[in-house]
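Working notes, beginning with the structure itself.
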There are 2 protein chains.
Amino acid sequence: MDNVYAERISALRARMASKNWDAVVISGSDPHGSEYPAPRWRQVEWLSGFTGEAGDLVITAGHAGLWTDTRYFIQAREQLIDTGVELHKTRIPGQVLIPQWLASEAFRGRNTVNIAVDGLCQSVESVSDIEKAFDEETEVRIVNVPDLLDCIWTDRPPVPETPIFELSDEDMGESSDDRIEWLRAFLRDNGCDSMLVCALDEIAWLLGVRASDIEYNPLVISYLLVTSDEVKWFVRDNYNDVFLTLNDVEGRMYVDSSQLNYHIYKMLDRGRLVCGPSPVQLRKAVKNPVEIAGMRQAHLLDGIAMEKFLFWLEAEVSSGRPVSEWDAACRIGAYRAGMEGSMGDSFETISAYGGSAALPHYVTPRVNSPMLRAEGLYLCDSGGQYVCGTTDITRTVPLGPCSGLEKEDYTLVLKGHIDLAMAVFPKGTAGCQIDALAREPLWKHLRNFGHGTGHGVGCFLCVHEGPQDIRQNFNAQPLLPGMICSDEPGIYREGMHGVRHENLLLCREEGSNEFGEWLGFEPLTFCHFDTGALLAELLTGEEIEWLNAYNARVYDTLSPLLPPEVASWLSDKTKPI
Amino acid sequence: MDNVYAERISALRARMASKNWDAVVISGSDPHGSEYPAPRWRQVEWLSGFTGEAGDLVITAGHAGLWTDTRYFIQAREQLIDTGVELHKTRIPGQVLIPQWLASEAFRGRNTVNIAVDGLCQSVESVSDIEKAFDEETEVRIVNVPDLLDCIWTDRPPVPETPIFELSDEDMGESSDDRIEWLRAFLRDNGCDSMLVCALDEIAWLLGVRASDIEYNPLVISYLLVTSDEVKWFVRDNYNDVFLTLNDVEGRMYVDSSQLNYHIYKMLDRGRLVCGPSPVQLRKAVKNPVEIAGMRQAHLLDGIAMEKFLFWLEAEVSSGRPVSEWDAACRIGAYRAGMEGSMGDSFETISAYGGSAALPHYVTPRVNSPMLRAEGLYLCDSGGQYVCGTTDITRTVPLGPCSGLEKEDYTLVLKGHIDLAMAVFPKGTAGCQIDALAREPLWKHLRNFGHGTGHGVGCFLCVHEGPQDIRQNFNAQPLLPGMICSDEPGIYREGMHGVRHENLLLCREEGSNEFGEWLGFEPLTFCHFDTGALLAELLTGEEIEWLNAYNARVYDTLSPLLPPEVASWLSDKTKPI
């Protein structure tokens with residue numbers, strides 16, 4: 001055994017044996033349910049070598065398993081070689097999830113099972129699912145061990161502590177005090193005396209603070225307790241004081257149990273808890289006028305970076321100079337970093353050429369990165385953090401001659417993107433009720449994509465936020481004026497190519513009449529869609545009009561801000577079709 | 001007091017006083033939860049004079065109220081004059097439903113309230129909603145009095161007993177025994193020994209029997225108990241024996257509590273009940289090949305009747321002969337009645353000219369029926385029962401010159417109809433996920449309609465059936481190959497005009513590929529869409545292609561079966577645009 005991960009698992013098994021734990025369940029999340037955990041909480045990666053964004057581990061005396069979904073099968077299979085960890089596939093027919101596997105396969109018929117979890121990194125629901133999976137014959141004992149891996153992970157990184165800075169009331173469009181008072185009014189209306197906020201983006205939004213504790217997310221790792229007369233922020237040196245304070249909080253406490261970790265949940269007096277969805281999430285999703293102006297400004301800056309990048313890319317590739325996927329990713333990152341107020345990327349850039357782009361969640365390799373050639377399609381999905389807002393954009397561009405199928409896919413995806421962008425709908429409509437608008441042009445050609453069409457986006461916060469989305473899954477949250485959602489249909493063909501076109505859309509009012517009140521979208525993203533790979537005959541007159549108007553608006557808005565040679569190139573690129 | 005309804009309510013109040021009932025709640029349904037109850041169960045109408053299809057009454061010592069929705073406000077206001085019954089509006093913002101009204105307005109703060117219901121005609125849920133609406137202060141006593149109105153409604157019609165006939169196995173495509181055995185297998189799989197079926201269309205489908213106990217619905221009023229070795233049909237003379245038998249049924253009984261009446265539910269031993277959705281509903285909705293062939297044949301016959309009707313209508317109106325809405329309704333009914341295997345209409349024909357058509361649920365008056373004029377739009381929503389199937393079709397036709405707005409509405413609704421009819425979608429898609437396809441063309445012009453886009457249709461059964469539908473409300477039931485759904489968007493302008501275009505669509509397979517399995521629709525309805533009021537510039541090339549192909553198919557299929565003068569006229573009507 002000379003694999004480092006196999007050694008670590010072996011060390012964990014020794015501890016398990018000494019403690020009489022039958023199984024250890026390790027999640028890929030942090031104490032705040034963050035989408036991207038800081039290195040300290042990449043426990044799945046440390047123990048198994050798997051670096052995918054979604055994965056959970058179960059270790060027993062005789063088995064080590066990683067549960068992850070379709071997006072990561074190929075990556076997991078490669079990264080788990082020699083670790084002794086087996087891949088358990090999820091989001092496939094006949095999937096056996098961790099609770100069912102523990103109950104039905106690992107420990108069926110046992111009288112008692114001791115399952116250890118790091119309660120800090122486990123959601124309340126995930127633990128309760130395990131408990132519920134066993135029938136009455138088996139007594140399940142959940143052993144909650146905060147920081148369970150500490151004694152074998154000796155060089156475990158500490159809780160990050162990057163510099164914290166405050167946004168001004170002018171930046172936020174209202175003061176933090178206003179937001180706290182609004183929350184207190186909500187608590188009063190719901191008969192509560194306090195709320196414990198654990199979601200980091202909700203804390204950042206409420207307090208108007210930012211840091212860089214988590215890569216791509218400008219957040220401060222902390223807990224927040226809002227009472228009727230106090231705001232207690234558990235951060236840095238007093239981060240862990242939250243556990244002491246919770247015992248002393250009086251009255252009824254409002255919590256969103258989906259954002260509590262199991263360890264905290266177990267500490268709370270359930271008789272005094274009022275559980276419900278966090279009101280902060282919805283209020284934060286509806287941007288105020290200052291935030292909307294900030295998002296517009298961020299997209300202007302981002303559009304300049306994007307157009308410079310696409311100009312550079314075309315020049316490099318067409319002149320035959322060598323450019324790898326990684327080079328291109330670095331270049332767009334550099335253009336973004338050069339913009340005023342840039343605070344880095346909003347997620348890891350996906351820079352994917354040809355068959356690479358067929359993986360919607362492709363990770364561009366730094367070493368041996370595929371080289372771009374002057375043919376076929378190149379896809380770049382990237383975004384920036386700016387002090388005034390957050391961006392997320394995907395452009396797929398032809399680098400030279402394209403096949404008929406590439407052009408068809410390119411055009412159908414753009415058709416779907418445009419159809420959703422043009423949508424008008426009555427107030428009260430939820431994203432799942434208009435998702436089909438982006439898909440039907442693909443469906444008609446028997447093509448589809450396996451991810452959501454749109455996600456909410458924060459304002460100088462997380463690039464993925466709720467409660468709204470645009471996808472097939474039923475989500476009753478109506479789209480509201482001021483919400484921002486991505487519009488990113490795609491088509492992916494294994495080993496061949498991938499196409500995705502993504503703008504961010506601002507939901508806005510479109511007037512009212514005897515039929516009701518109407519909403520629609522304004523594209524926030526400023527970056528032209530390439531018409532070189534377009535089969536215009538697949539578009540309706542209305543779609544062509546939208547595309548020409550969009551490209552003209554991009555040119556009119558950005559050209560005064562671009563270097564002359566880029567502006568001149570853009571003028572050519574945005575000629576009406 | 002010389003109003004007959006006021007007198008009846010007064011008689012009921014006298015009985016209430018003698019029995020110490022504080023309130024009587026009367027529903028508009030029958031013991032089987034039927035959409036159209038037989039005269040015996042039109043208790044709301046007998047007591048209040050209100051004839052709308054949806055309405056519930058509450059009578060207290062001091063108040064008589066009718067609860068009904070937006071569709072019936074105008075009708076209710078007229079019909080309730082002098083009855084002393086007040087209108088309570090539902091499906092409007094701020095509505096106060098019956099349970100809330102009883103708890104918060106009528107009897108707030110009371111220690112005890114006695115509420116009498118005719119448990120036979122009250123759903124389990126409606127009674128439980130009343131019980132739940134009161135807080136702990138008030139003790140609610142539900143007094144279940146089957147046939148509560150009998151002692152004041154002395155000439156109440158009996159339970160209908162029309163001739164019963166059996167369908168052959170050839171008509172059904174399988175035998176009733178097969179269906180019963182399938183149901184028994186379902187019961188075994190669910191650990192049950194019996195099922196009580198109360199929904200009349202499920203009984204008719206299981207047994208392969210039909211009658212005319214309910215207008216428009218070829219059903220037999222009865223209950224059905226299926227056990228592992230018996231099929232007990234409670235019908236005609238032994239209809240009421242169901243109540244005696246239920247006490248003796250052994251083992252675990254499966255019931256769909258949404259189709260039980262409160263009286264039956266109270267008799268059942270809840271410890272032995274297994275509640276779940278009726279499996280019959282879903283199985284019945286997925287038509288077998290013989291039923292599909294039957295539905296196709298029914299639509300061929302129906303198309304002949306419709307084309308003869310539209311030919312006659314145009315000739316009459318254009319030649320200036322007087323035609324009223326009622327005359328037209330009679331005429332389409334007569335053409336249908338002349339077709340082979342006709343079993344009458346499948347619902348009450350809506351024959352509506354001009355502003356009449358602005359009411360989606362318009363009831364065409366027999367007396368003083370509005371006259372048709374050679375201008376504007378006429379709408380006819382009608383359907384037939386045939387031994388081989390059931391039809392439901394709406395055509396809106398121009399009777400002469402139309403305004404710009406009429407043409408726009410006509411075209412946009414047809415555009416929505418076509419877009420849904422052309423839809424292709426992956427297996428697993430529910431109707432609510434594609435509803436927007438029919439609406440978006442209207443939404444883009446800030447227009448909408450307040451009813452569902454599509455409902456399921458039975459095969460020589462009810463014209464409305466579940467579990468699938470195509471509407472905004474979340475309904476997770478996927479559309480399945482073999483299901484039939486209407487496609488009927490509309491636009492309604494009060495006092496001006498109404499447009500609705502409706503075909504029935506058969507869901508069918510469209511192949512499979514690396515992206516999944518695909519479904520689409522085949523229109524079952526054969527009747528041309530008039531192109532006279534069409535603004536072709538509002539349609540896409542694809543939509544025009546669909547329309548021309550549809551009209552050509554109608555002509556090719558029907559013309560050999562039509563009288564020469566009608567065929568020749570249809571040839572002209574179906575010319576490509």
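For the structure tokens, the naming scheme is as follows: chains receive sequential letters (A, B, ...) according to their order of presentation, residues are indexed from 1 within each chain, and ligands are indexed from 1 in presentation order.
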
For A:Leu97, please output as a JSON list (two decimals) with C-alpha atoms, in the first residue's frame all residues within 9 Å (counting only C-alpha atoms; exclusion window: fewer than 5 positions along the same chain).
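Saved to result_26.json:
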[["chain", "number", "residue", "atom", "x", "y", "z"],
["A", 67, "TRP", "CA", -21.02, 8.71, -3.94],
["A", 88, "HIS", "CA", -21.16, 4.62, -6.22],
["A", 89, "LYS", "CA", -23.12, 6.34, -8.96],
["A", 90, "THR", "CA", -25.98, 8.73, -8.19],
["A", 102, "LEU", "CA", -25.88, 1.59, 4.92]]

Could you make a table, as a Markdown table, of the residues of chain B that have an atom within 8 Å of an atom of chain A, each with its nearest atom pair and distance in Å to one decimal, counting only C-alpha atoms, in chain and number order?
| residue | atom | partner | partner_atom | distance |
| --- | --- | --- | --- | --- |
| B:Ala423 | CA | A:Lys444 | CA | 6.8 |
| B:Val424 | CA | A:Lys444 | CA | 5.2 |
| B:Phe425 | CA | A:Trp443 | CA | 5.6 |
| B:Pro426 | CA | A:Trp443 | CA | 7.3 |
| B:Cys432 | CA | A:Gln433 | CA | 6.8 |
| B:Gln433 | CA | A:Gln433 | CA | 5.6 |
| B:Ile434 | CA | A:Ala436 | CA | 6.0 |
| B:Asp435 | CA | A:Gln433 | CA | 7.5 |
| B:Ala436 | CA | A:Ile434 | CA | 6.0 |
| B:Leu437 | CA | A:Leu437 | CA | 6.7 |
| B:Glu440 | CA | A:Val424 | CA | 7.0 |
| B:Trp443 | CA | A:Val424 | CA | 5.6 |
| B:Lys444 | CA | A:Val424 | CA | 5.2 |
| B:Leu446 | CA | A:Trp518 | CA | 6.9 |
| B:Arg447 | CA | A:Phe515 | CA | 5.8 |
| B:Asn448 | CA | A:Phe515 | CA | 6.1 |
| B:Phe449 | CA | A:Phe515 | CA | 7.8 |
| B:Gln472 | CA | A:Gln433 | CA | 7.2 |
| B:Phe474 | CA | A:Phe474 | CA | 7.4 |
| B:Ser512 | CA | A:Leu446 | CA | 7.9 |
| B:Asn513 | CA | A:Leu446 | CA | 7.6 |
| B:Phe515 | CA | A:Arg447 | CA | 5.8 |
| B:Trp518 | CA | A:Leu446 | CA | 6.9 |
| B:Thr540 | CA | A:Thr540 | CA | 6.4 |
| B:Gly541 | CA | A:Thr540 | CA | 7.7 |

(message) Taking 4 positions as the minimum chain separation for residues in the same chain, which residues sit within 8 Å of A:Leu268 when counting only C-alpha atoms? Answer as a VMD selection string.
(response) chain A and resid 246 to 247 264 273

Using only N, CA, C and O atoms, please write the residues we just selected to a file, as a PDB file, in the first residue's frame.
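Printed below is out.pdb as written:
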ATOM      1  N   LEU A 246     -25.271  29.846  22.127  1.00  0.00           N
ATOM      2  CA  LEU A 246     -26.573  29.272  21.777  1.00  0.00           C
ATOM      3  C   LEU A 246     -27.319  28.751  23.001  1.00  0.00           C
ATOM      4  O   LEU A 246     -28.548  28.761  23.038  1.00  0.00           O
ATOM      5  N   ASN A 247     -26.549  28.297  23.989  1.00  0.00           N
ATOM      6  CA  ASN A 247     -27.206  27.778  25.194  1.00  0.00           C
ATOM      7  C   ASN A 247     -27.961  28.862  25.956  1.00  0.00           C
ATOM      8  O   ASN A 247     -28.893  28.573  26.695  1.00  0.00           O
ATOM      9  N   ILE A 264     -24.919  21.948  15.238  1.00  0.00           N
ATOM     10  CA  ILE A 264     -25.659  23.089  15.797  1.00  0.00           C
ATOM     11  C   ILE A 264     -27.090  22.694  16.092  1.00  0.00           C
ATOM     12  O   ILE A 264     -27.653  23.007  17.138  1.00  0.00           O
ATOM     13  N   LEU A 273     -37.714  26.212  18.866  1.00  0.00           N
ATOM     14  CA  LEU A 273     -37.337  26.511  17.476  1.00  0.00           C
ATOM     15  C   LEU A 273     -38.572  26.733  16.613  1.00  0.00           C
ATOM     16  O   LEU A 273     -39.563  26.023  16.746  1.00  0.00           O
TER      17      LEU A 273
END

(message) To test your reading of the structure, identify every residue in stretch 267-509 of chain A that backbone DSSP assigns to strand (DSSP E), and report it as a PyMOL selection string.
(response) chain A and resi 273-275+342-345+350-353+377-382+384-386+389-390+393-398+424-426+454-456+465-470+484-487+490-493+497-500+503-509

(message) Can you pull out the residues contacting A:Phe134? Cut-off 7 Å, using only C-alpha atoms, and skip same-chain residues under 3 positions away; I want them as a PyMOL selection string.
(response) chain A and resi 103+131+138

Selection to disk with N, CA and C atoms, as a JSON list (two decimals), in the first residue's frame:
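Wrote it out as result.json, contents follow:
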[["chain", "number", "residue", "atom", "x", "y", "z"],
["A", 103, "ALA", "N", -28.18, 0.90, 5.23],
["A", 103, "ALA", "CA", -29.24, 0.10, 5.86],
["A", 103, "ALA", "C", -29.42, -1.25, 5.18],
["A", 131, "GLU", "N", -30.86, 7.90, 9.56],
["A", 131, "GLU", "CA", -31.62, 7.30, 10.67],
["A", 131, "GLU", "C", -32.90, 6.65, 10.16],
["A", 138, "THR", "N", -33.01, -2.49, 13.70],
["A", 138, "THR", "CA", -31.65, -2.02, 13.93],
["A", 138, "THR", "C", -31.65, -0.70, 14.70]]

(request) Go through B:Glu250, B:Asp556, B:Glu316, B:Asp302 one by one, measure the shortest atom-to-atom distance of each to B:Asp392 using only C-alpha atoms, and give the residue with the smallest value. (result) B:Asp302

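Compared by their closest atoms to B:Gly431, and using only C-alpha atoms, the residues B:Gln477, B:Asn551, B:Ser403, B:Gln75 rank with B:Gln477 nearest.
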
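The protein and nucleic acid residues lying at most 9 Å from stretch 348-350 of chain B are B:Tyr216, B:Glu325, B:Ala329, B:Cys330, B:Ile332, B:Gly333, B:Asp345, B:Ala357, B:Pro360, B:His361, B:Tyr362, B:Val363, B:Thr364, B:Leu379, B:Cys380, B:Asp381, B:Ser382, B:Gly383, B:Thr394, with only C-alpha atoms considered and sequence neighbours fewer than 3 positions away removed.
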
(message) Which residues are close to B:Ile26, i.e. within 10 Å by only C-alpha atoms, leaving aside same-chain residues fewer than 3 positions away? Reply as a list of chain:residue names.
(response) B:Ala23, B:Ser29, B:Arg42, B:Gln43, B:Val44, B:Leu47, B:Gly55, B:Asp56, B:Leu57, B:Val58, B:Ile59, B:Leu66, B:Ala116, B:Val117, B:Asp118, B:Gly119, B:Cys121, B:Gln122, B:Leu148, B:Leu149

Restricting it to C-alpha atoms, dump the selection as a compact mmCIF listing (two decimals), in the first residue's frame.
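Below is the file that was written, part-v7.txt:
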# COMPACT_ATOMS: atom_id res chain seq x y z
CA ALA B 23 -75.52 25.50 9.75
CA SER B 29 -71.80 17.08 -6.20
CA ARG B 42 -78.71 19.14 -8.02
CA GLN B 43 -79.39 20.23 -4.46
CA VAL B 44 -77.76 23.63 -4.83
CA LEU B 47 -82.44 25.27 -3.00
CA GLY B 55 -71.27 26.05 -6.39
CA ASP B 56 -71.75 25.22 -2.72
CA LEU B 57 -74.35 26.55 -0.32
CA VAL B 58 -74.23 27.36 3.37
CA ILE B 59 -77.45 28.07 5.24
CA LEU B 66 -73.53 30.59 -2.41
CA ALA B 116 -75.16 19.35 9.27
CA VAL B 117 -73.99 17.89 5.97
CA ASP B 118 -75.39 15.35 3.55
CA GLY B 119 -72.37 13.06 3.92
CA CYS B 121 -72.59 14.44 -1.31
CA GLN B 122 -69.67 15.82 0.62
CA LEU B 148 -80.73 15.62 4.30
CA LEU B 149 -83.07 17.51 1.96

(request) Using DSSP on the backbone, list every residue of stretch 27-274 of chain A that comes out as helix (DSSP H, G or I), and give them as a PyMOL selection string. (result) chain A and resi 39-41+43-48+70-79+98-106+119-121+124-133+169-172+176-189+200-207+236-238+241-246+257-259+262-267+270-272

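Going from atom CA of A:Arg40 to atom CA of A:Ser342 covers 25.9 Å.
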
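Note that the spacing between atom CA of A:Met343 and atom CA of A:Tyr386 amounts to 5.1 Å.
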
(message) Give me, as a PyMOL selection string, all polymer residues having an atom no more than 12 Å from stretch 156-164 of chain B, counting only C-alpha atoms and skipping those fewer than 5 positions away in the same chain.
(response) chain B and resi 30-31+37-43+46-47+147-151+204+207-215+218-222+235-240

(message) For a test of reading the model, state the distance in Å between atom CA of A:Trp101 and atom CA of A:Val85, rounded to one decimal.
(response) 15.1 Å

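Across A:Ser318, A:Asn261, A:Thr70, A:Ser486, the tightest approach to A:Pro398 is made by A:Ser318 when counting only C-alpha atoms.
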